[in-house]
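Peer 1: Coordinates in model-v7.txt, compact mmCIF, C-alpha atoms, are listed below.
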# COMPACT_ATOMS: atom_id res chain seq x y z
CA MET A 1 20.18 -7.97 -33.77
CA SER A 2 18.02 -6.97 -30.83
CA ARG A 3 19.14 -7.96 -27.37
CA ARG A 4 16.66 -9.86 -25.24
CA ARG A 5 17.04 -9.54 -21.51
CA PRO A 6 16.23 -12.66 -19.51
CA THR A 7 13.63 -12.48 -16.81
CA GLU A 8 15.12 -12.29 -13.33
CA PRO A 9 13.05 -14.48 -10.97
CA ARG A 10 14.40 -12.74 -7.89
CA ALA A 11 13.14 -9.37 -9.12
CA LEU A 12 9.69 -10.84 -9.77
CA THR A 13 9.72 -12.44 -6.32
CA SER A 14 10.64 -9.10 -4.73
CA TRP A 15 7.70 -7.41 -6.44
CA TRP A 16 5.31 -10.10 -5.25
CA VAL A 17 6.65 -9.70 -1.72
CA LEU A 18 6.21 -5.91 -1.98
CA LEU A 19 2.62 -6.30 -3.19
CA ALA A 20 1.90 -8.77 -0.38
CA VAL A 21 3.29 -6.35 2.22
CA VAL A 22 1.27 -3.46 0.77
CA ALA A 23 -1.90 -5.58 0.81
CA ALA A 24 -1.25 -6.67 4.39
CA VAL A 25 -0.61 -3.09 5.55
CA THR A 26 -3.73 -1.83 3.75
CA ALA A 27 -5.88 -4.59 5.23
CA THR A 28 -4.50 -3.95 8.73
CA VAL A 29 -5.11 -0.20 8.51
CA ALA A 30 -8.61 -0.71 7.09
CA ALA A 31 -9.47 -3.19 9.83
CA GLY A 32 -8.15 -0.83 12.48
CA VAL A 33 -10.10 2.13 11.08
CA TYR A 34 -13.27 0.03 10.90
CA ALA A 35 -12.84 -1.14 14.49
CA LEU A 36 -12.26 2.41 15.70
CA GLN A 37 -15.26 3.61 13.70
CA GLN A 38 -17.43 1.02 15.41
CA GLN A 39 -16.10 2.15 18.79
CA VAL A 40 -16.94 5.76 17.92
CA ARG A 41 -20.45 4.74 16.87
CA THR A 42 -20.91 2.72 20.07
CA ARG A 43 -19.65 5.52 22.29
CA THR A 44 -21.84 8.05 20.48
CA LEU A 45 -24.90 5.88 21.04
CA ASP A 46 -23.87 5.40 24.67
CA SER A 47 -23.73 9.16 24.99
CA ALA A 48 -27.25 9.38 23.55
CA LEU A 49 -28.44 6.78 26.06
CA GLN A 50 -26.99 8.85 28.87
CA GLY A 51 -28.92 11.81 27.51
CA VAL A 52 -32.14 9.78 27.71
CA VAL A 53 -31.34 8.90 31.32
CA VAL A 54 -31.11 12.63 32.02
CA ILE A 55 -34.41 13.25 30.21
CA SER A 56 -36.01 10.47 32.24
CA SER A 57 -34.82 11.87 35.54
CA LEU A 58 -35.89 15.44 34.67
CA VAL A 59 -39.13 14.69 32.85
CA ILE A 60 -40.55 11.22 33.37
CA ASP A 61 -39.54 10.61 36.98
CA ARG A 62 -41.08 13.82 38.27
CA SER A 63 -44.27 13.55 36.23
CA LEU A 64 -45.13 9.84 36.23
CA THR A 65 -46.17 7.56 39.09
CA LEU A 66 -46.86 3.86 39.42
CA GLN A 67 -50.57 4.64 39.61
CA ASP A 68 -50.35 6.45 36.26
CA LEU A 69 -49.02 3.24 34.74
CA THR A 70 -51.45 0.86 36.38
CA ASP A 71 -54.64 2.98 36.28
CA GLU A 72 -54.78 6.20 34.29
CA LEU A 73 -52.45 9.14 33.76
CA HIS A 74 -53.40 12.01 36.09
CA PRO A 75 -54.31 15.21 34.18
CA ALA A 76 -51.79 17.27 36.13
CA ASN A 77 -49.03 14.81 35.32
CA ARG A 78 -50.06 14.80 31.65
CA ALA A 79 -49.91 18.60 31.60
CA GLN A 80 -46.47 18.56 33.16
CA LEU A 81 -45.24 15.99 30.63
CA ASP A 82 -46.67 18.04 27.77
CA THR A 83 -44.94 21.17 29.03
CA ASP A 84 -41.57 19.46 29.41
CA VAL A 85 -41.81 17.69 26.02
CA VAL A 86 -42.73 20.90 24.18
CA LEU A 87 -39.82 22.71 25.83
CA LEU A 88 -37.37 19.99 24.80
CA GLN A 89 -38.80 19.94 21.28
CA GLN A 90 -38.38 23.69 20.97
CA LYS A 91 -34.74 23.32 22.00
CA GLY A 92 -34.28 20.62 19.35
CA GLN A 93 -33.37 18.01 21.96
CA LEU A 94 -36.43 15.78 21.53
CA ARG A 95 -38.66 14.64 18.68
CA GLY A 96 -41.14 12.44 20.50
CA LEU A 97 -42.01 10.56 23.70
CA MET A 98 -44.24 7.51 24.18
CA ILE A 99 -44.79 5.60 27.40
CA TRP A 100 -46.51 2.23 27.63
CA SER A 101 -47.62 0.23 30.65
CA LEU A 102 -46.04 -3.19 30.64
CA GLY A 103 -48.91 -4.53 32.72
CA ASP A 104 -51.67 -4.16 30.13
CA GLY A 105 -49.83 -2.73 27.13
CA ARG A 106 -51.77 0.54 27.33
CA LEU A 107 -50.31 3.69 25.80
CA VAL A 108 -50.07 5.85 28.92
CA TYR A 109 -48.62 8.96 27.30
CA ALA A 110 -47.64 10.17 23.82
CA ASP A 111 -46.69 13.59 22.51
CA PRO A 112 -49.17 15.12 20.03
CA ASP A 113 -47.31 13.77 16.98
CA HIS A 114 -47.55 10.17 18.23
CA GLN A 115 -51.02 10.02 19.73
CA PHE A 116 -51.97 7.13 17.49
CA ALA A 117 -49.08 4.84 18.39
CA GLY A 118 -51.56 2.29 19.75
CA ARG A 119 -51.02 -0.41 22.31
CA LEU A 120 -47.69 -2.05 23.09
CA GLY A 121 -47.65 -4.94 20.65
CA GLU A 122 -45.96 -8.23 21.30
CA ALA A 123 -43.50 -7.60 18.47
CA ARG A 124 -42.20 -4.42 20.10
CA ARG A 125 -42.22 -5.99 23.56
CA ALA A 126 -40.17 -8.93 22.27
CA ALA A 127 -37.78 -6.70 20.33
CA VAL A 128 -36.65 -4.48 23.20
CA ARG A 129 -34.52 -5.26 26.21
CA LEU A 130 -36.17 -4.74 29.57
CA ASP A 131 -33.02 -4.95 31.65
CA GLU A 132 -31.30 -1.83 30.26
CA PRO A 133 -31.85 0.96 27.73
CA SER A 134 -31.20 0.16 24.07
CA ALA A 135 -30.98 2.33 20.97
CA GLY A 136 -31.74 1.90 17.30
CA TYR A 137 -32.34 3.97 14.20
CA ALA A 138 -35.79 5.09 13.08
CA GLU A 139 -37.42 7.49 10.64
CA ASP A 140 -40.23 9.98 11.15
CA GLN A 141 -43.18 8.76 9.09
CA HIS A 142 -44.37 12.28 8.34
CA THR A 143 -41.16 14.23 7.66
CA GLY A 144 -38.75 11.42 6.78
CA GLU A 145 -36.27 12.78 9.33
CA HIS A 146 -33.73 10.27 10.58
CA LEU A 147 -34.17 9.68 14.29
CA LEU A 148 -32.60 7.74 17.11
CA GLU A 149 -35.11 5.58 18.94
CA VAL A 150 -34.19 4.79 22.55
CA ASN A 151 -36.15 2.16 24.45
CA TYR A 152 -36.00 2.99 28.14
CA PRO A 153 -37.36 0.43 30.66
CA TYR A 154 -39.00 2.40 33.46
CA ASP A 155 -39.21 1.37 37.11
CA ALA A 156 -41.84 3.69 38.59
CA ASN A 157 -41.34 2.95 42.30
CA GLY A 158 -37.74 1.74 42.44
CA ASP A 159 -38.55 -1.82 43.50
CA GLY A 160 -36.44 -3.35 40.70
CA VAL A 161 -39.49 -4.34 38.65
CA VAL A 162 -39.96 -2.70 35.25
CA ASP A 163 -43.40 -1.16 35.13
CA GLY A 164 -43.35 0.70 31.83
CA LEU A 165 -41.51 1.21 28.59
CA ALA A 166 -40.64 4.71 27.49
CA VAL A 167 -39.63 5.23 23.87
CA VAL A 168 -37.71 8.46 23.36
CA LEU A 169 -37.18 9.78 19.82
CA LEU A 170 -34.08 11.95 19.48
CA PRO A 171 -32.80 13.94 16.48
CA ARG A 172 -29.88 12.21 14.78
CA ARG A 173 -28.39 15.32 13.25
CA ASP A 174 -25.85 15.98 16.00
CA ILE A 175 -25.14 12.28 16.43
CA ASP A 176 -24.58 11.75 12.71
CA SER A 177 -22.37 14.83 12.55
CA SER A 178 -20.30 13.57 15.45
CA ILE A 179 -19.89 10.16 13.85
CA ALA A 180 -19.07 11.76 10.46
CA ARG A 181 -16.40 14.01 12.00
CA SER A 182 -14.87 11.13 13.89
CA THR A 183 -15.00 8.95 10.78
CA ARG A 184 -13.21 11.60 8.72
CA LEU A 185 -10.54 11.90 11.38
CA LEU A 186 -10.19 8.13 11.54
CA TYR A 187 -9.88 7.75 7.79
CA GLY A 188 -7.50 10.68 7.64
CA GLY A 189 -5.37 9.15 10.37
CA GLY A 190 -5.61 5.75 8.70
CA LEU A 191 -4.49 7.28 5.41
CA VAL A 192 -1.51 8.91 7.12
CA VAL A 193 -0.57 5.59 8.75
CA LEU A 194 -0.97 3.82 5.41
CA LEU A 195 1.17 6.38 3.59
CA VAL A 196 3.86 6.19 6.25
CA ALA A 197 3.81 2.39 6.10
CA LEU A 198 3.90 2.40 2.30
CA GLY A 199 6.72 4.93 2.39
CA GLY A 200 8.66 2.58 4.65
CA VAL A 201 7.94 -0.37 2.37
CA LEU A 202 9.00 1.59 -0.72
CA GLN A 203 12.14 2.75 1.07
CA VAL A 204 13.00 -0.86 1.85
CA ARG A 205 12.28 -1.75 -1.77
CA ARG A 206 14.56 1.06 -2.99
CA ARG A 207 17.34 -0.22 -0.76
CA GLN A 208 16.76 -3.73 -2.06
CA LYS A 209 16.91 -2.51 -5.65
CA ALA A 210 20.08 -0.56 -4.90
CA GLN A 211 21.61 -3.68 -3.36
CA GLU A 212 20.48 -5.82 -6.29
CA HIS A 213 21.93 -3.29 -8.73
CA ALA A 214 25.21 -3.11 -6.82
CA ALA A 215 25.43 -6.91 -6.81
CA VAL A 216 25.52 -7.10 -10.62
CA HIS A 217 27.12 -3.79 -11.67
CA ASP A 218 30.59 -2.32 -11.57
CA PRO A 219 30.60 0.87 -9.44
CA LEU A 220 33.24 2.67 -11.54
CA THR A 221 31.91 2.16 -15.07
CA GLY A 222 28.27 1.25 -14.47
CA LEU A 223 28.63 -1.85 -16.66
CA GLY A 224 27.55 -5.27 -15.52
CA ASN A 225 30.08 -7.22 -13.48
CA ARG A 226 31.13 -10.89 -13.44
CA GLU A 227 27.97 -11.84 -11.51
CA LYS A 228 25.77 -10.30 -14.19
CA LEU A 229 27.78 -12.10 -16.87
CA ARG A 230 27.26 -15.36 -14.99
CA ARG A 231 23.48 -14.78 -14.80
CA LEU A 232 23.19 -13.86 -18.47
CA ALA A 233 25.32 -16.80 -19.56
CA HIS A 234 23.22 -19.15 -17.43
CA HIS A 235 20.27 -18.36 -19.71
CA ALA A 236 22.05 -17.83 -23.05
CA LEU A 237 24.65 -20.59 -23.28
CA PRO A 238 22.51 -23.72 -22.69
CA ALA A 239 20.28 -22.65 -25.61
CA ALA A 240 23.23 -22.18 -28.00
CA SER A 241 23.46 -24.53 -30.97
CA ALA A 242 25.27 -24.79 -34.27
CA GLN A 243 22.32 -23.11 -35.95
CA ARG A 244 21.94 -20.45 -33.25
CA PRO A 245 25.37 -19.94 -31.66
CA ALA A 246 26.37 -17.49 -28.92
CA ALA A 247 29.68 -15.65 -28.68
CA LEU A 248 31.82 -14.18 -25.91
CA LEU A 249 34.39 -11.42 -26.50
CA VAL A 250 37.14 -10.61 -24.00
CA LEU A 251 38.89 -7.22 -24.33
CA ASP A 252 42.10 -6.00 -22.70
CA LEU A 253 43.26 -2.39 -23.05
CA ASP A 254 46.71 -1.94 -24.57
CA GLY A 255 48.72 0.88 -23.06
CA PHE A 256 46.51 1.40 -20.04
CA LYS A 257 49.36 0.80 -17.55
CA GLY A 258 51.34 3.59 -19.19
CA VAL A 259 48.39 6.00 -18.75
CA ASN A 260 48.18 5.11 -15.06
CA ASP A 261 51.92 5.52 -14.57
CA THR A 262 52.08 8.80 -16.49
CA TYR A 263 48.89 10.60 -15.42
CA GLY A 264 47.86 8.83 -12.23
CA HIS A 265 45.05 6.51 -11.17
CA HIS A 266 42.42 9.25 -11.26
CA THR A 267 42.98 9.74 -14.98
CA GLY A 268 43.06 5.98 -15.39
CA ASP A 269 39.65 5.66 -13.73
CA LEU A 270 38.21 8.39 -15.95
CA LEU A 271 39.63 6.63 -18.99
CA LEU A 272 38.09 3.31 -17.96
CA ALA A 273 34.68 4.95 -17.48
CA ALA A 274 34.91 6.66 -20.90
CA VAL A 275 36.01 3.48 -22.69
CA ALA A 276 33.23 1.53 -20.96
CA ARG A 277 30.64 3.98 -22.32
CA GLU A 278 32.05 3.58 -25.85
CA ILE A 279 32.01 -0.23 -25.62
CA GLU A 280 28.45 -0.26 -24.28
CA GLN A 281 27.31 2.13 -27.02
CA ALA A 282 28.97 0.07 -29.76
CA CYS A 283 27.31 -3.22 -28.77
CA ARG A 284 24.03 -2.02 -27.26
CA ASP A 285 21.91 -3.58 -30.04
CA CYS A 286 23.59 -6.97 -30.14
CA GLY A 287 25.01 -7.82 -26.71
CA THR A 288 25.82 -6.85 -23.16
CA ALA A 289 29.07 -5.15 -22.09
CA ILE A 290 30.71 -6.36 -18.88
CA ARG A 291 33.70 -5.16 -16.88
CA LEU A 292 35.59 -8.20 -15.67
CA GLY A 293 38.04 -6.14 -13.58
CA GLY A 294 41.01 -3.82 -14.01
CA ASP A 295 41.25 -2.88 -17.70
CA GLU A 296 39.59 -6.11 -18.88
CA PHE A 297 36.08 -6.16 -20.39
CA ALA A 298 33.80 -8.73 -21.96
CA VAL A 299 30.84 -8.66 -24.33
CA LEU A 300 28.26 -11.46 -24.41
CA LEU A 301 26.56 -11.87 -27.80
CA PRO A 302 23.66 -14.29 -27.23
CA ARG A 303 22.73 -14.56 -30.93
CA ALA A 304 26.03 -14.34 -32.82
CA GLY A 305 28.30 -16.76 -34.65
CA ALA A 306 32.02 -16.47 -35.42
CA GLU A 307 31.57 -14.04 -38.35
CA GLN A 308 29.22 -11.74 -36.48
CA ALA A 309 31.46 -11.84 -33.40
CA ALA A 310 34.48 -10.94 -35.55
CA ALA A 311 32.57 -7.98 -37.01
CA VAL A 312 31.65 -6.73 -33.54
CA ALA A 313 35.26 -7.21 -32.42
CA ALA A 314 36.51 -5.13 -35.36
CA THR A 315 34.04 -2.37 -34.49
CA LEU A 316 35.14 -2.38 -30.86
CA HIS A 317 38.80 -2.38 -31.91
CA GLU A 318 38.28 0.82 -33.88
CA THR A 319 36.02 2.37 -31.23
CA VAL A 320 38.50 1.94 -28.36
CA ARG A 321 41.37 3.37 -30.45
CA ARG A 322 39.68 6.76 -30.74
CA PRO A 323 41.27 9.46 -28.58
CA VAL A 324 39.44 10.21 -25.35
CA LEU A 325 39.59 13.68 -23.79
CA ILE A 326 40.50 13.39 -20.09
CA ASP A 327 40.82 16.70 -18.23
CA GLY A 328 41.30 18.48 -21.55
CA ARG A 329 44.04 16.19 -22.87
CA PRO A 330 43.59 13.44 -25.50
CA VAL A 331 44.41 9.97 -24.21
CA VAL A 332 44.77 7.03 -26.58
CA VAL A 333 44.79 3.31 -25.82
CA GLY A 334 44.32 0.24 -27.96
CA THR A 335 42.68 -3.08 -27.29
CA SER A 336 43.30 -6.78 -27.83
CA ILE A 337 40.19 -8.89 -28.32
CA GLY A 338 39.66 -12.62 -28.05
CA VAL A 339 36.57 -14.43 -29.29
CA ALA A 340 35.01 -17.73 -28.23
CA VAL A 341 31.82 -19.25 -29.68
CA ALA A 342 29.35 -21.64 -28.08
CA PRO A 343 28.79 -24.50 -28.54
CA ALA A 344 31.97 -24.97 -30.65
CA ASP A 345 34.35 -23.73 -27.91
CA GLY A 346 32.24 -24.89 -24.96
CA ARG A 347 28.82 -24.66 -23.39
CA ASP A 348 29.68 -23.16 -20.02
CA LEU A 349 30.97 -19.71 -19.12
CA GLY A 350 34.23 -20.90 -17.57
CA THR A 351 35.27 -22.78 -20.69
CA LEU A 352 34.34 -19.89 -22.99
CA LEU A 353 36.29 -17.44 -20.83
CA GLN A 354 39.38 -19.66 -21.06
CA HIS A 355 39.13 -19.85 -24.87
CA ALA A 356 38.45 -16.12 -25.20
CA ASP A 357 41.34 -15.27 -22.83
CA ALA A 358 43.70 -17.45 -24.84
CA ALA A 359 42.56 -15.82 -28.08
CA MET A 360 42.96 -12.37 -26.53
CA TYR A 361 46.55 -13.07 -25.46
CA ARG A 362 47.35 -14.36 -28.93
CA ALA A 363 45.93 -11.13 -30.34
CA LYS A 364 48.04 -9.11 -27.89
CA LYS A 365 51.14 -10.91 -29.18
CA GLY A 366 50.15 -10.08 -32.72
CA GLU A 367 49.04 -13.55 -33.75
CA VAL A 368 45.40 -12.56 -34.32
CA VAL A 369 44.19 -9.10 -35.30
CA PRO A 370 40.46 -8.40 -35.69
CA GLN A 371 39.55 -7.38 -39.23
Output the file's structure in the form of structure tokens.
Peer 2:
Amino acid sequence: MSRRRPTEPRALTSWWVLLAVVAAVTATVAAGVYALQQQVRTRTLDSALQGVVVISSLVIDRSLTLQDLTDELHPANRAQLDTDVVLLQQKGQLRGLMIWSLGDGRLVYADPDHQFAGRLGEARRAAVRLDEPSAGYAEDQHTGEHLLEVNYPYDANGDGVVDGLAVVLLPRRDIDSSIARSTRLLYGGGLVVLLVALGGVLQVRRRQKAQEHAAVHDPLTGLGNREKLRRLAHHALPAASAQRPAALLVLDLDGFKGVNDTYGHHTGDLLLAAVAREIEQACRDCGTAIRLGGDEFAVLLPRAGAEQAAAVAATLHETVRRPVLIDGRPVVVGTSIGVAVAPADGRDLGTLLQHADAAMYRAKKGEVVPQ
């Protein structure tokens, strides 16, 4: 007969809790990384805007006047702008510059690559902010290069009134590289945080499993203890019937006290552990071995009647009688076994234990001997 282990709801609950914690930690780390990534992107763009302010002060402010915006760009000022733009382009710091007059929408200046930008349309005027610089992404129509387009409101005479709109096209290569590096660092840091958090969660889970195991197992023999027997019986006994009975065996070692008195408690403990392994091995396919305490054991057979239980008892009787080598010396003990069957002897664990104990003591007195 194969032994079926009942599902333990508490173990399933613990796994669901673990998964919920892992999901929460992952979501928190991902949200934090995303927020930091957005901050990096914002700060990088802010840095680009500051660069445009520098370009404006070094290039536009010294080469452009209010009259250039309201009337016509002076040839000398155009030449100066061309010289400065070419120099910045050669250094890779600038891709293009366009300046419009807000008064009449006229294109006042454009570098050679953007001479045909046309007038300042209402769509562009409505899309940009005129109270402070703003940045967005663009693409060069000829080369397909990714650019950063900065809209820079320009006050030509410092009276607080915006007179023109300068559009500065910057290469995105350095900006994208900076964002990519920061993103890799953020994700790397986030992964480290996630791994540390998951390690902590798994450590807690390991401790929980160790505690759960200790709660239902005997530390000396490794067999289940009374609590495990109670949990197994809670599932097995209510389902027992005359057609599908369940049996409980109670075993007591004969001669164990003499081994303790003669060889000491250390040898006694080694003997108990060895006998426990033999009992577990003998009934592994049909039931669960339990240490009740001291030199007393039990075996729950969830799918066995009186005849099958008697056969298992006879096997255990012969198994326990085999000599066990302890520190190089053979040690021999016997066993007395009592059997109780559900539902004939009871439907609850306490009643079955009483019947099995009584049968075991009768066997110890020689009234019943397993065959």
Peer 1: Taking 2 positions as the minimum chain separation for residues in the same chain, which residues sit within 9 Å of Ala309 in chain A when counting only C-alpha atoms? Answer as a VMD selection string.
Peer 2: chain A and resid 246 to 249 301 304 to 307 311 to 314 339 to 341
Peer 1: Take the point (-40.9, 10.2, 26.2) as written in the file and pick out every residue within 6 Å of it, counting only C-alpha atoms; give the list as a PyMOL selection string.
Peer 2: chain A and resi 97-98+166-168
Peer 1: Identify, on the basis of all atoms listed in the file, every residue whose closest approach to Pro112 in chain A does not exceed 12 Å; exclude the query and any residue fewer than 6 positions from it along the same chain; express the result as a list in words.
Peer 2: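 In the requested format, the answer is Arg78, Leu81, Asp82, Thr83, Val85, Val86, Gln89, Arg95, Gly96, Leu97 and Met98 of chain A.
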Peer 1: May I have the selected residues written with C-alpha atoms, as a PDB file, keeping the file's coordinate frame?
Peer 2:
ATOM      1  CA  ARG A  78     -50.060  14.800  31.650  1.00  0.00           C
ATOM      2  CA  LEU A  81     -45.240  15.990  30.630  1.00  0.00           C
ATOM      3  CA  ASP A  82     -46.670  18.040  27.770  1.00  0.00           C
ATOM      4  CA  THR A  83     -44.940  21.170  29.030  1.00  0.00           C
ATOM      5  CA  VAL A  85     -41.810  17.690  26.020  1.00  0.00           C
ATOM      6  CA  VAL A  86     -42.730  20.900  24.180  1.00  0.00           C
ATOM      7  CA  GLN A  89     -38.800  19.940  21.280  1.00  0.00           C
ATOM      8  CA  ARG A  95     -38.660  14.640  18.680  1.00  0.00           C
ATOM      9  CA  GLY A  96     -41.140  12.440  20.500  1.00  0.00           C
ATOM     10  CA  LEU A  97     -42.010  10.560  23.700  1.00  0.00           C
ATOM     11  CA  MET A  98     -44.240   7.510  24.180  1.00  0.00           C
TER      12      MET A  98
END
Peer 1: Please list as a ChimeraX atom specification every residue within 12 Å of Asp269 in chain A, counting only C-alpha atoms and excluding residues in the same chain fewer than 5 positions away.
Peer 2: /A:219-221,256-257,259-260,263-264,274-276,293-295,326-327
Peer 1: Which is closer to Gln354 in chain A than all the others in A:Thr262, A:Ala76, A:Gln115, A:Val250, using only C-alpha atoms?
Peer 2: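 Smallest distance to Gln354 in chain A is found for A:Val250.
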Peer 1: Mind pulling up the distance from CA of Leu223 in chain A to CA of Arg277 in chain A?
Peer 2: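 Between these atoms lies a distance of 8.4 Å.
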Peer 1: Between CA of Asn151 in chain A and CA of Val52 in chain A, what distance in Å does the model show, to one decimal?
Peer 2: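 So the two atoms, CA of Asn151 in chain A and CA of Val52 in chain A, lie 9.2 Å apart.
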Peer 1: Go ahead and compute the interatomic distance for CA of His74 in chain A and CA of Asp155 in chain A, in Å to one decimal.
Peer 2: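 Straight-line distance from CA of His74 in chain A to CA of Asp155 in chain A works out to 17.8 Å.
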Peer 1: Around the point (-42.6, 11.9, 40.4), in the coordinates given by the file, pick out the residues reaching within 12 Å, counting only C-alpha atoms, and return them as number ranges by chain.
Peer 2: A: 56-68, 74, 76-78, 80-81, 155-158
Peer 1: Point out the residue among A:Gly103, A:Lys209, A:Pro133, A:His114 with the least atom-to-atom distance to Val161 in chain A, counting only C-alpha atoms.
Peer 2: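 Smallest distance to Val161 in chain A is found for A:Gly103.
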